[in-house]
$ cat coords01.tsv   # TSV, C-alpha atoms
chain	number	residue	atom	x	y	z
A	784	MET	CA	100.99	144.37	132.49
A	785	LEU	CA	99.34	142.35	129.80
A	786	LEU	CA	102.52	140.41	129.02
A	787	ASN	CA	101.95	138.54	132.28
A	788	GLN	CA	98.45	137.65	131.19
A	789	TYR	CA	99.56	136.43	127.77
A	790	PHE	CA	102.44	134.41	129.14
A	791	GLY	CA	100.15	132.97	131.80
A	792	GLN	CA	97.69	131.97	129.13
A	793	TYR	CA	100.47	130.26	127.19
A	794	LEU	CA	101.59	128.31	130.26
A	795	LEU	CA	98.01	127.19	130.80
A	796	ASN	CA	97.37	126.24	127.17
A	797	LYS	CA	100.59	124.21	127.08
A	798	GLN	CA	99.66	122.57	130.39
A	799	ILE	CA	102.94	123.76	131.88
A	800	LEU	CA	100.85	125.15	134.74
A	801	SER	CA	97.43	124.01	135.93
A	802	ALA	CA	94.60	126.56	136.18
A	803	LYS	CA	94.91	126.37	139.98
A	804	GLN	CA	98.64	127.09	139.87
A	805	LEU	CA	98.12	129.99	137.49
A	806	ARG	CA	95.48	131.50	139.76
A	807	GLU	CA	97.84	131.21	142.72
A	808	ALA	CA	100.68	132.77	140.73
A	809	PHE	CA	98.51	135.72	139.68
A	810	ALA	CA	97.26	136.20	143.23
A	811	PHE	CA	100.87	136.14	144.48
A	812	GLU	CA	102.02	138.53	141.77
A	813	ASN	CA	99.13	140.86	142.44
A	814	SER	CA	99.78	140.96	146.17
A	815	ALA	CA	103.13	142.52	145.33
A	816	LYS	CA	101.74	145.01	142.80
A	817	LEU	CA	102.02	148.61	143.83
A	818	LYS	CA	98.86	150.62	143.45
A	819	LEU	CA	99.11	153.84	141.48
A	820	GLY	CA	97.42	155.79	144.28
A	821	VAL	CA	100.05	154.66	146.78
A	822	LEU	CA	102.82	155.61	144.37
A	823	ALA	CA	101.23	159.04	143.85
A	824	ILE	CA	101.14	159.61	147.62
A	825	ASN	CA	104.73	158.45	147.99
A	826	ALA	CA	105.82	160.84	145.25
A	827	GLY	CA	104.00	163.70	146.98
A	828	LEU	CA	101.80	164.27	143.95
A	829	MET	CA	98.46	163.50	145.59
A	830	ASN	CA	97.21	163.35	149.15
A	831	ALA	CA	95.23	160.45	150.65
A	832	SER	CA	91.85	162.12	150.35
A	833	GLN	CA	92.46	162.88	146.67
A	834	VAL	CA	93.38	159.22	146.09
A	835	GLU	CA	90.24	158.13	147.96
A	836	GLU	CA	88.17	160.51	145.86
A	837	VAL	CA	89.56	159.01	142.64
A	838	HIS	CA	88.93	155.46	143.93
A	839	GLU	CA	85.33	156.46	144.64
A	840	LEU	CA	84.98	157.92	141.12
A	841	GLN	CA	86.32	154.64	139.71
A	842	LYS	CA	83.31	152.84	141.17
A	843	ALA	CA	81.00	154.95	139.02
A	844	LYS	CA	83.05	155.50	135.88
A	845	ASP	CA	84.52	153.03	133.46
A	846	LYS	CA	87.92	154.71	133.55
A	847	LYS	CA	91.38	154.05	134.90
A	848	PHE	CA	92.84	155.70	138.00
A	849	GLY	CA	95.26	157.80	135.95
A	850	GLU	CA	92.62	159.14	133.57
A	851	LEU	CA	90.38	160.21	136.45
A	852	ALA	CA	93.27	161.78	138.37
A	853	ILE	CA	94.10	163.87	135.29
A	854	GLU	CA	90.46	164.87	134.80
A	855	ALA	CA	90.29	165.95	138.44
A	856	GLY	CA	93.42	168.05	137.93
A	857	TYR	CA	95.52	166.09	140.44
A	858	LEU	CA	98.06	164.75	137.94
A	859	SER	CA	99.51	165.97	134.67
A	860	LEU	CA	100.00	163.51	131.83
A	861	ALA	CA	103.77	163.74	132.27
A	862	LYS	CA	103.54	162.94	135.99
A	863	LEU	CA	101.19	160.04	135.31
A	864	GLU	CA	103.63	158.57	132.81
A	865	GLU	CA	106.41	158.82	135.39
A	866	LEU	CA	104.27	156.98	137.94
A	867	LEU	CA	103.31	154.27	135.44
A	868	GLU	CA	106.97	153.73	134.63
A	869	VAL	CA	107.76	153.34	138.34
A	870	GLN	CA	104.84	150.93	138.68
A	871	ARG	CA	106.02	148.84	135.72
A	872	SER	CA	109.58	148.72	136.92
A	873	ARG	CA	108.60	147.62	140.42
A	874	GLN	CA	105.86	145.20	139.47
A	875	MET	CA	106.65	141.60	140.16
A	876	SER	CA	106.50	139.55	137.00
A	877	LEU	CA	104.56	136.34	136.60
A	878	SER	CA	107.91	134.66	135.91
A	879	GLN	CA	109.14	135.67	139.36
A	880	ALA	CA	105.91	134.44	140.96
A	881	VAL	CA	105.98	130.96	139.36
A	882	VAL	CA	109.60	130.50	140.42
A	883	ASP	CA	109.03	131.80	143.95
A	884	LEU	CA	106.04	129.50	144.35
A	885	GLY	CA	108.14	126.54	143.15
A	886	PHE	CA	105.91	125.75	140.15
A	887	LEU	CA	108.87	125.98	137.73
A	888	ASP	CA	112.63	126.03	138.24
A	889	LEU	CA	114.76	128.60	136.44
A	890	ALA	CA	115.68	126.29	133.57
A	891	GLN	CA	112.04	125.36	132.98
A	892	LEU	CA	111.07	129.02	133.06
A	893	GLU	CA	113.80	129.99	130.61
A	894	LYS	CA	112.66	127.28	128.18
A	895	ALA	CA	108.98	128.22	128.51
A	896	LEU	CA	109.74	131.90	127.84
A	897	ALA	CA	111.93	131.08	124.82
A	898	ASP	CA	109.26	128.73	123.43
A	899	TYR	CA	106.58	131.35	123.99
A	900	LYS	CA	108.58	134.01	122.13
A	901	ASN	CA	109.13	131.62	119.21
A	902	GLU	CA	105.60	130.27	119.03
A	903	SER	CA	103.76	133.52	119.57
A	904	LYS	CA	105.41	134.99	116.45
A	905	PHE	CA	105.01	138.47	117.87
A	906	THR	CA	107.13	141.11	116.17
A	907	ASN	CA	109.50	143.11	118.38
A	908	ASP	CA	107.00	145.99	118.32
A	909	GLN	CA	104.14	143.69	119.35
A	910	TRP	CA	106.28	142.18	122.09
A	911	GLN	CA	107.08	145.64	123.38
A	912	SER	CA	103.45	146.76	123.14
A	913	LEU	CA	102.33	143.90	125.40
A	914	ARG	CA	103.62	145.97	128.28
A	915	THR	CA	100.96	148.56	127.66
A	916	ALA	CA	98.30	146.66	125.69
A	917	ASP	CA	94.69	146.68	126.84
A	918	PHE	CA	91.91	144.11	127.06
A	919	GLU	CA	90.43	145.04	123.68
A	920	GLN	CA	93.73	144.13	122.05
A	921	ALA	CA	93.84	140.90	124.04
A	922	ALA	CA	90.43	139.94	122.62
A	923	HIS	CA	91.72	140.46	119.08
A	924	LEU	CA	94.92	138.55	119.74
A	925	PHE	CA	93.45	135.51	121.47
A	926	LEU	CA	90.00	135.05	119.97
A	927	ASN	CA	88.90	134.23	116.47
A	928	PHE	CA	85.46	135.36	115.33
A	929	SER	CA	86.30	135.26	111.62
A	930	LYS	CA	83.40	132.87	110.95
A	931	ALA	CA	80.93	135.10	112.73
A	932	GLY	CA	80.46	137.50	109.82
A	933	GLY	CA	79.60	141.16	110.45
A	934	ILE	CA	78.87	140.65	114.14
A	935	GLY	CA	82.47	139.47	114.75
A	936	GLU	CA	83.76	142.98	115.46
A	937	ILE	CA	80.96	143.48	117.98
A	938	TYR	CA	82.03	140.26	119.75
A	939	TYR	CA	85.63	141.52	120.03
A	940	ASP	CA	84.44	144.84	121.48
A	941	TYR	CA	82.09	143.08	123.88
A	942	VAL	CA	84.78	140.69	125.15
A	943	GLY	CA	87.20	143.61	125.69
A	944	LEU	CA	84.53	145.46	127.68
A	945	PHE	CA	83.60	142.34	129.66
A	946	LEU	CA	87.26	141.70	130.61
A	947	ARG	CA	87.72	145.34	131.62
A	948	ASN	CA	84.74	145.10	133.95
A	949	LEU	CA	85.82	141.74	135.36
A	950	ASN	CA	89.11	143.50	136.11
A	951	ARG	CA	87.26	146.47	137.60
A	952	PHE	CA	84.82	144.62	139.86
A	953	ILE	CA	85.82	140.97	140.22
A	954	CYS	CA	89.36	139.90	139.49
A	955	ASN	CA	92.62	141.63	138.63
A	956	VAL	CA	93.79	139.26	135.94
A	957	PRO	CA	91.06	137.57	133.91
A	958	VAL	CA	92.73	135.22	131.40
A	959	LEU	CA	91.09	134.46	128.07
A	960	GLN	CA	90.97	130.99	126.57
A	961	SER	CA	90.29	130.26	122.91
A	962	ASN	CA	86.66	130.67	121.91
A	963	ILE	CA	84.53	127.65	121.03
A	964	GLN	CA	81.79	127.65	118.41
A	965	LEU	CA	78.40	127.26	120.04
A	966	SER	CA	76.60	124.06	119.14
A	967	GLU	CA	73.87	122.50	121.25
A	968	TYR	CA	74.46	123.96	124.66
A	969	ASN	CA	73.24	122.33	127.82
A	970	ALA	CA	74.30	124.29	130.86
A	971	THR	CA	75.00	121.88	133.69
A	972	LYS	CA	75.37	124.78	136.07
A	973	TRP	CA	74.22	128.38	136.51
A	974	LEU	CA	73.41	130.46	133.50
A	975	VAL	CA	72.80	134.20	133.82
A	976	THR	CA	71.59	135.77	130.58
A	977	GLN	CA	70.44	139.06	129.11
A	978	ASN	CA	69.31	139.99	125.61
A	979	VAL	CA	70.55	143.18	123.97
A	980	VAL	CA	67.98	144.24	121.39
A	981	GLY	CA	67.71	146.85	118.65
A	982	GLU	CA	69.74	147.42	115.51
A	983	VAL	CA	71.75	144.38	116.63
A	984	ASN	CA	70.24	141.48	118.56
A	985	LEU	CA	72.81	139.97	120.86
A	986	PHE	CA	72.39	137.19	123.41
A	987	THR	CA	74.79	137.53	126.34
A	988	GLY	CA	75.28	134.95	129.05
A	989	ILE	CA	77.60	133.87	131.84
A	990	ALA	CA	77.83	130.14	132.69
A	991	LEU	CA	79.45	129.29	136.01
A	992	ASP	CA	79.48	126.71	138.79
A	993	ASP	CA	78.32	127.22	142.40
A	994	LYS	CA	81.74	128.21	143.74
A	995	VAL	CA	82.50	130.84	141.10
A	996	PHE	CA	78.90	132.10	141.18
A	997	LEU	CA	79.07	132.76	144.91
A	998	GLU	CA	82.52	134.36	144.73
A	999	ILE	CA	81.51	136.73	141.92
A	1000	ALA	CA	78.33	137.58	143.81
A	1001	ARG	CA	80.37	138.34	146.95
A	1002	ARG	CA	82.92	140.48	145.17
A	1003	TYR	CA	80.43	142.45	143.09
A	1004	SER	CA	77.98	143.07	145.92
A	1005	GLN	CA	80.61	143.44	148.65
A	1006	GLU	CA	78.13	141.62	150.87
A	1007	ASP	CA	78.89	138.70	153.18
A	1008	LEU	CA	77.12	135.98	151.16
A	1009	ASN	CA	77.32	132.34	152.25
A	1010	GLU	CA	74.86	130.67	149.92
A	1011	ILE	CA	73.30	131.20	146.52
A	1012	ASP	CA	70.13	132.99	147.54
A	1013	GLU	CA	68.14	135.74	145.84
A	1014	LEU	CA	70.69	138.40	146.81
A	1015	ALA	CA	73.54	136.36	145.30
A	1016	GLU	CA	71.55	135.72	142.12
A	1017	CYS	CA	70.75	139.42	141.81
A	1018	SER	CA	74.43	140.30	142.32
A	1019	VAL	CA	75.71	138.24	139.38
A	1020	ALA	CA	72.76	139.37	137.24
A	1021	GLU	CA	73.44	143.00	138.12
A	1022	PHE	CA	77.09	142.62	137.14
A	1023	LEU	CA	76.00	141.43	133.68
A	1024	ASN	CA	73.41	144.23	133.51
A	1025	VAL	CA	76.03	146.89	134.27
A	1026	VAL	CA	78.39	145.51	131.58
A	1027	ASN	CA	75.54	145.45	129.06
A	1028	GLY	CA	74.47	148.95	130.05
A	1029	ILE	CA	77.97	150.28	129.29
A	1030	PHE	CA	77.95	148.31	126.02
A	1031	CYS	CA	74.67	150.00	125.01
A	1032	VAL	CA	75.93	153.45	126.02
A	1033	ASN	CA	79.11	152.95	123.94
A	1034	ALA	CA	76.96	151.85	120.97
A	1035	SER	CA	74.66	154.84	121.47
A	1036	ASP	CA	77.71	157.15	121.34
A	1037	GLN	CA	78.38	155.68	117.89
A	1038	GLY	CA	74.79	156.26	116.77
A	1039	VAL	CA	73.56	152.69	117.31
A	1040	ASP	CA	70.37	152.50	119.37
A	1041	LEU	CA	70.21	149.44	121.63
A	1042	ASP	CA	67.94	148.40	124.46
A	1043	LEU	CA	68.14	145.75	127.18
A	1044	ARG	CA	65.72	143.07	128.32
A	1045	PRO	CA	65.61	142.01	131.98
A	1046	GLN	CA	68.24	139.46	133.02
A	1047	CYS	CA	67.36	135.84	133.65
A	1048	THR	CA	69.11	133.41	136.03
A	1049	THR	CA	68.56	129.66	135.58
A	1050	GLN	CA	70.18	126.30	136.24
A	1051	CYS	CA	70.66	123.37	133.86
A	1052	THR	CA	69.18	125.17	130.87
A	1053	SER	CA	69.46	124.19	127.22
A	1054	LEU	CA	70.13	126.91	124.69
A	1055	ALA	CA	68.61	126.69	121.24
A	1056	LEU	CA	71.03	129.30	119.86
A	1057	THR	CA	73.82	127.96	117.67
A	1058	LYS	CA	75.17	131.08	115.95
A	1059	GLY	CA	77.59	132.13	118.62
A	1060	TYR	CA	80.53	131.31	120.85
A	1061	ARG	CA	81.54	130.14	124.30
A	1062	ILE	CA	84.52	132.06	125.63
A	1063	PRO	CA	86.16	130.47	128.67
A	1064	ILE	CA	87.78	132.95	131.07
A	1065	GLU	CA	90.03	131.93	133.97
A	1066	LEU	CA	89.68	134.05	137.11
A	1067	ASP	CA	91.62	133.82	140.35
A	1068	CYS	CA	88.55	132.09	141.88
A	1069	GLY	CA	87.81	129.63	139.07
A	1070	ARG	CA	86.47	129.60	135.53
A	1071	LEU	CA	83.43	131.08	133.87
A	1072	GLU	CA	82.21	130.96	130.30
A	1073	LEU	CA	80.98	134.05	128.54
A	1074	ILE	CA	78.40	133.15	125.90
A	1075	LEU	CA	77.74	135.48	123.00
A	1076	ALA	CA	75.33	134.69	120.20
A	1077	GLU	CA	73.53	136.43	117.40
A	1078	GLY	CA	69.77	136.53	117.90
A	1079	LEU	CA	67.62	136.22	120.96
A	1080	GLU	CA	66.83	133.40	123.34
B	115	MET	CA	73.01	162.83	160.17
B	116	GLU	CA	69.77	164.76	160.49
B	117	LYS	CA	66.75	162.50	160.98
B	118	LYS	CA	63.77	162.24	158.61
B	119	GLN	CA	65.16	163.48	155.33
B	120	GLY	CA	61.90	162.44	153.72
B	121	ARG	CA	60.18	159.42	152.24
B	122	VAL	CA	61.91	157.68	149.34
B	123	LEU	CA	60.51	154.95	147.11
B	124	ILE	CA	62.98	152.65	145.33
B	125	CYS	CA	61.73	150.81	142.25
B	126	ASP	CA	64.13	148.14	140.97
B	127	ASP	CA	63.70	144.44	140.20
B	128	SER	CA	67.11	143.68	141.70
B	129	LEU	CA	67.15	142.87	145.41
B	130	LEU	CA	70.83	143.87	145.46
B	131	VAL	CA	70.15	147.36	144.11
B	132	ARG	CA	67.22	147.86	146.50
B	133	LYS	CA	69.28	146.68	149.48
B	134	LYS	CA	72.34	148.81	148.71
B	135	LEU	CA	70.28	151.91	148.04
B	136	LYS	CA	68.12	151.32	151.11
B	137	ASP	CA	71.26	151.06	153.31
B	138	ILE	CA	72.46	154.47	152.08
B	139	LEU	CA	69.05	156.12	152.42
B	140	ILE	CA	68.31	154.78	155.89
B	141	LYS	CA	71.73	155.97	157.04
B	142	ALA	CA	70.78	159.38	155.67
B	143	GLY	CA	67.63	159.37	157.78
B	144	CYS	CA	65.10	158.61	155.05
B	145	GLU	CA	61.99	156.49	155.35
B	146	VAL	CA	62.30	153.91	152.56
B	147	TYR	CA	59.69	152.02	150.55
B	148	GLU	CA	60.36	149.41	147.88
B	149	ALA	CA	58.74	148.28	144.64
B	150	ARG	CA	59.96	145.44	142.41
B	151	ASN	CA	58.58	146.50	139.05
B	152	GLY	CA	56.84	149.22	137.10
B	153	LYS	CA	53.36	148.03	138.07
B	154	GLU	CA	54.00	147.72	141.80
B	155	VAL	CA	55.54	151.19	141.99
B	156	VAL	CA	52.27	152.90	141.08
B	157	GLU	CA	50.38	151.13	143.88
B	158	ILE	CA	53.09	151.75	146.46
B	159	TYR	CA	53.42	155.38	145.38
B	160	GLN	CA	49.76	155.93	146.18
B	161	SER	CA	49.95	154.30	149.59
B	162	SER	CA	53.31	155.78	150.68
B	163	GLN	CA	53.16	159.27	149.09
B	164	PRO	CA	56.97	159.55	148.82
B	165	ASP	CA	58.94	162.77	148.34
B	166	LEU	CA	61.26	161.08	145.87
B	167	VAL	CA	61.35	157.99	143.64
B	168	PHE	CA	64.49	156.22	142.36
B	169	MET	CA	63.39	154.31	139.26
B	170	ASP	CA	65.19	151.62	137.26
B	171	ILE	CA	64.41	151.31	133.54
B	172	VAL	CA	64.94	147.65	132.58
B	173	MET	CA	62.37	145.71	134.60
B	174	PRO	CA	59.85	142.94	133.98
B	175	GLU	CA	56.10	143.68	133.91
B	176	ALA	CA	56.15	147.41	133.09
B	177	ASP	CA	59.51	149.10	132.45
B	178	GLY	CA	60.66	152.24	134.26
B	179	LEU	CA	59.84	154.69	131.47
B	180	GLU	CA	56.28	153.42	131.28
B	181	ALA	CA	55.99	153.54	135.07
B	182	LEU	CA	57.36	157.10	135.05
B	183	LYS	CA	54.60	158.17	132.66
B	184	ASN	CA	51.98	156.51	134.88
B	185	LEU	CA	53.34	158.18	138.02
B	186	LYS	CA	53.36	161.61	136.39
B	187	ALA	CA	49.78	161.07	135.22
B	188	LEU	CA	48.86	160.24	138.79
B	189	ASP	CA	50.82	163.09	140.35
B	190	LYS	CA	52.34	165.70	138.07
B	191	ASN	CA	54.55	166.91	140.94
B	192	ALA	CA	56.16	163.48	141.51
B	193	HIS	CA	59.95	163.76	141.84
B	194	VAL	CA	61.43	160.84	139.89
B	195	ILE	CA	65.14	160.13	139.39
B	196	MET	CA	66.01	157.44	136.86
B	197	LEU	CA	68.71	155.06	138.12
B	198	SER	CA	69.67	152.63	135.40
B	199	SER	CA	72.56	150.90	133.67
B	200	LEU	CA	70.95	151.86	130.36
B	201	GLY	CA	72.14	155.47	130.16
B	202	THR	CA	71.94	155.84	126.39
B	203	SER	CA	71.13	159.26	124.96
B	204	GLU	CA	67.83	157.87	123.65
B	205	LYS	CA	66.74	156.73	127.12
B	206	LEU	CA	67.94	159.94	128.71
B	207	ILE	CA	65.89	162.08	126.31
B	208	GLN	CA	62.85	159.84	126.72
B	209	ALA	CA	63.14	159.95	130.51
B	210	LEU	CA	63.39	163.74	130.61
B	211	LYS	CA	60.48	164.01	128.17
B	212	ASN	CA	58.40	161.77	130.42
B	213	GLY	CA	59.14	164.06	133.37
B	214	ALA	CA	62.19	162.58	135.14
B	215	GLU	CA	64.23	165.16	137.05
B	216	ASP	CA	67.60	163.49	136.70
B	217	PHE	CA	69.31	160.36	135.41
B	218	ILE	CA	72.04	158.42	137.23
B	219	GLN	CA	73.82	155.65	135.39
B	220	LYS	CA	74.69	152.50	137.35
B	221	PRO	CA	76.98	151.80	139.01
B	222	TYR	CA	76.31	154.89	141.14
B	223	THR	CA	78.29	156.32	144.04
B	224	THR	CA	76.98	157.07	147.53
B	225	GLU	CA	77.81	160.71	146.90
B	226	GLN	CA	75.54	160.90	143.85
B	227	ILE	CA	72.62	159.54	145.88
B	228	MET	CA	73.31	161.87	148.81
B	229	GLN	CA	73.38	164.90	146.51
B	230	ILE	CA	69.94	164.06	145.17
B	231	VAL	CA	68.54	163.45	148.66
B	232	ALA	CA	69.99	166.75	149.89
B	233	LYS	CA	68.47	168.61	146.95
B	234	ILE	CA	65.00	167.17	147.59
B	235	ALA	CA	65.26	167.78	151.35
B	236	LYS	CA	65.67	171.53	150.66
$ encode --input "coords01.tsv" --output "structure tokens"
Amino acid sequence: MLLNQYFGQYLLNKQILSAKQLREAFAFENSAKLKLGVLAINAGLMNASQVEEVHELQKAKDKKFGELAIEAGYLSLAKLEELLEVQRSRQMSLSQAVVDLGFLDLAQLEKALADYKNESKFTNDQWQSLRTADFEQAAHLFLNFSKAGGIGEIYYDYVGLFLRNLNRFICNVPVLQSNIQLSEYNATKWLVTQNVVGEVNLFTGIALDDKVFLEIARRYSQEDLNEIDELAECSVAEFLNVVNGIFCVNASDQGVDLDLRPQCTTQCTSLALTKGYRIPIELDCGRLELILAEGLE
Amino acid sequence: MEKKQGRVLICDDSLLVRKKLKDILIKAGCEVYEARNGKEVVEIYQSSQPDLVFMDIVMPEADGLEALKNLKALDKNAHVIMLSSLGTSEKLIQALKNGAEDFIQKPYTTEQIMQIVAKIAK
């Protein structure tokens, strides 16, 4: 549930937890999370081969397990809602994880939660909706592209899509940090980029260090990679390419024709672009920065 | 799996995509050839005479749609399947116009690839 992500982000921003502790807490929480497929089998609603089939479909389609299971005729909407409720009620909360791991005691947790509720200024409805909110909403709630002009809405959509695909291929709980206006940018580490061209020209990039680069490459490719070689470089580049492909298809569905240029992977590069943003994202394996800018590099 | 399902040429600039696809095709009994861009694919097509080509669109040198046109000019019976992340309706229409037989959007599943191979093997 997204509430965990938001609360985790708050703990990180307030330096109540370090990034390392937060990653551990999310990993711990996730290890206890019940998968929808398992719940469906337990409830006798789907058999194992149907669950496998839906998992396989998930690899090709940008959709959630429940949506695909309904499309395949294995679940009704009512049954899916029942399963989601069971999943929510049994899911370990981040609060439980940070206490169990000894990062906070109960009094510290109680204070942090109370402070978060006060400072977040969420209405009761918003608070409630965090249980079911999606990544697109998270982008709107945590990022500010108000100075970006007309392209701002595109940035929000892109970040939502990027988070959804990080969640799909790389990491269960990507956590957004506040965006930073792009000024002179000198990447001290890896930079994987791709230009989206057409009615809108958008520069997209991922900046990351060796450790995160290799881990993303491993997870996306599902290959046993031990060093950053051509296969690892292609894996991270292909991840960005797939995200951008979906972005273009979504735009095409709305009548906006976009095209892609080949990806480029470099180290220690300077970017001349200044009209854009760096968006730090914490993963369970470290941090990356998504870079979005208007124009082409 | 039945041996020798045919010769397949993969054209993609990504080593990852070529490797993953090659693993599936070899397991299916295909003889596999590789090209890294839209220029190379024309040369390798002539030397390997494949039964089927999987072609990416976004590539350096010549892109996949250009390469598709060149292959069809060379051999109007070439069987080309586009395999790209860029599955917009514009690209799909252009690919079919240029003579592609099908279009698979990345990320693909093993099953999608096997269905195409089975169809060509008939």
$ closest_atom_pairs --input "coords01.tsv" --of "chain B" --to "chain A" --cutoff "7 Å" --atoms "only C-alpha atoms" --output "JSON lines"
{"residue": "B:Ser128", "atom": "CA", "partner": "A:Cys1017", "partner_atom": "CA", "distance": 5.6}
{"residue": "B:Leu129", "atom": "CA", "partner": "A:Leu1014", "partner_atom": "CA", "distance": 5.9}
{"residue": "B:Leu130", "atom": "CA", "partner": "A:Leu1014", "partner_atom": "CA", "distance": 5.6}
{"residue": "B:Val172", "atom": "CA", "partner": "A:Pro1045", "partner_atom": "CA", "distance": 5.7}
{"residue": "B:Met173", "atom": "CA", "partner": "A:Pro1045", "partner_atom": "CA", "distance": 5.6}
{"residue": "B:Pro174", "atom": "CA", "partner": "A:Pro1045", "partner_atom": "CA", "distance": 6.2}
{"residue": "B:Ser199", "atom": "CA", "partner": "A:Gly1028", "partner_atom": "CA", "distance": 4.5}
{"residue": "B:Leu200", "atom": "CA", "partner": "A:Gly1028", "partner_atom": "CA", "distance": 4.6}
{"residue": "B:Gly201", "atom": "CA", "partner": "A:Val1032", "partner_atom": "CA", "distance": 6.0}
{"residue": "B:Thr202", "atom": "CA", "partner": "A:Val1032", "partner_atom": "CA", "distance": 4.7}
{"residue": "B:Ser203", "atom": "CA", "partner": "A:Ser1035", "partner_atom": "CA", "distance": 6.6}
{"residue": "B:Lys220", "atom": "CA", "partner": "A:Val1025", "partner_atom": "CA", "distance": 6.5}
{"residue": "B:Pro221", "atom": "CA", "partner": "A:Ala843", "partner_atom": "CA", "distance": 5.1}
{"residue": "B:Tyr222", "atom": "CA", "partner": "A:Ala843", "partner_atom": "CA", "distance": 5.1}
{"residue": "B:Thr223", "atom": "CA", "partner": "A:Ala843", "partner_atom": "CA", "distance": 5.9}
$ residues_around --input "coords01.tsv" --residues "range 179-189 of chain B" --least-positions-apart "2" --cutoff "9 Å" --atoms "all atoms listed in the file" --output "PyMOL selection string"
chain B and resi 151-153+155-156+159-160+169-172+176-177+191-194+196+205+208-209+212-214
$ residues_around --input "coords01.tsv" --residues "range 817-833 of chain A" --least-positions-apart "3" --cutoff "12 Å" --atoms "only C-alpha atoms" --output "mmCIF file with C-alpha atoms, in the coordinates of the input"
data_model
loop_
_atom_site.group_PDB
_atom_site.id
_atom_site.type_symbol
_atom_site.label_atom_id
_atom_site.label_comp_id
_atom_site.auth_asym_id
_atom_site.auth_seq_id
_atom_site.Cartn_x
_atom_site.Cartn_y
_atom_site.Cartn_z
ATOM 1 C CA GLU A 812 102.020 138.530 141.770
ATOM 2 C CA ASN A 813 99.130 140.860 142.440
ATOM 3 C CA SER A 814 99.780 140.960 146.170
ATOM 4 C CA GLU A 836 88.170 160.510 145.860
ATOM 5 C CA VAL A 837 89.560 159.010 142.640
ATOM 6 C CA HIS A 838 88.930 155.460 143.930
ATOM 7 C CA GLU A 839 85.330 156.460 144.640
ATOM 8 C CA LEU A 840 84.980 157.920 141.120
ATOM 9 C CA LYS A 847 91.380 154.050 134.900
ATOM 10 C CA PHE A 848 92.840 155.700 138.000
ATOM 11 C CA GLY A 849 95.260 157.800 135.950
ATOM 12 C CA GLU A 850 92.620 159.140 133.570
ATOM 13 C CA LEU A 851 90.380 160.210 136.450
ATOM 14 C CA ALA A 852 93.270 161.780 138.370
ATOM 15 C CA ILE A 853 94.100 163.870 135.290
ATOM 16 C CA ALA A 855 90.290 165.950 138.440
ATOM 17 C CA GLY A 856 93.420 168.050 137.930
ATOM 18 C CA TYR A 857 95.520 166.090 140.440
ATOM 19 C CA LEU A 858 98.060 164.750 137.940
ATOM 20 C CA SER A 859 99.510 165.970 134.670
ATOM 21 C CA ALA A 861 103.770 163.740 132.270
ATOM 22 C CA LYS A 862 103.540 162.940 135.990
ATOM 23 C CA LEU A 863 101.190 160.040 135.310
ATOM 24 C CA GLU A 864 103.630 158.570 132.810
ATOM 25 C CA GLU A 865 106.410 158.820 135.390
ATOM 26 C CA LEU A 866 104.270 156.980 137.940
ATOM 27 C CA LEU A 867 103.310 154.270 135.440
ATOM 28 C CA GLU A 868 106.970 153.730 134.630
ATOM 29 C CA VAL A 869 107.760 153.340 138.340
ATOM 30 C CA GLN A 870 104.840 150.930 138.680
ATOM 31 C CA ARG A 871 106.020 148.840 135.720
ATOM 32 C CA SER A 872 109.580 148.720 136.920
ATOM 33 C CA ARG A 873 108.600 147.620 140.420
ATOM 34 C CA GLN A 874 105.860 145.200 139.470
ATOM 35 C CA MET A 875 106.650 141.600 140.160
ATOM 36 C CA ASN A 955 92.620 141.630 138.630
#
$ residues_around --input "coords01.tsv" --residues "Ser966 in chain A" --least-positions-apart "4" --cutoff "12 Å" --atoms "all atoms listed in the file" --output "tab-separated table (two decimals) with C-alpha atoms, in the frame of the given file"
chain	number	residue	atom	x	y	z
A	970	ALA	CA	74.30	124.29	130.86
A	1053	SER	CA	69.46	124.19	127.22
A	1054	LEU	CA	70.13	126.91	124.69
A	1055	ALA	CA	68.61	126.69	121.24
A	1056	LEU	CA	71.03	129.30	119.86
A	1057	THR	CA	73.82	127.96	117.67
A	1058	LYS	CA	75.17	131.08	115.95
A	1059	GLY	CA	77.59	132.13	118.62
A	1060	TYR	CA	80.53	131.31	120.85
A	1061	ARG	CA	81.54	130.14	124.30
A	1074	ILE	CA	78.40	133.15	125.90
A	1076	ALA	CA	75.33	134.69	120.20
$ residues_around --input "coords01.tsv" --residues "range 229-235 of chain B" --least-positions-apart "3" --cutoff "7 Å" --atoms "only C-alpha atoms" --output "ChimeraX atom specification"
/B:119-120,225-226
$ atom_distance --input "coords01.tsv" --atom1 "CA of Glu936 in chain A" --atom2 "CA of Leu974 in chain A"
24.3 Å
$ axis_aligned_box --input "coords01.tsv" --around "range 220-224 of chain B" --padding-each-side "6 Å" --output "JSON"
{"center_x": 76.5, "center_y": 154.4, "center_z": 142.4, "size_x": 15.6, "size_y": 17.3, "size_z": 22.2}
$ atom_distance --input "coords01.tsv" --atom1 "CA of Ser961 in chain A" --atom2 "CA of Ala922 in chain A"
9.7 Å
$ residues_around --input "coords01.tsv" --residues "Leu959 in chain A" --least-positions-apart "4" --cutoff "10 Å" --atoms "all atoms listed in the file" --output "number ranges by chain"
A: 788-789, 791-792, 918, 921-922, 925-926, 942, 946, 1062-1066, 1072
$ atom_distance --input "coords01.tsv" --atom1 "CA of Asn950 in chain A" --atom2 "CA of Ile1011 in chain A"
22.6 Å
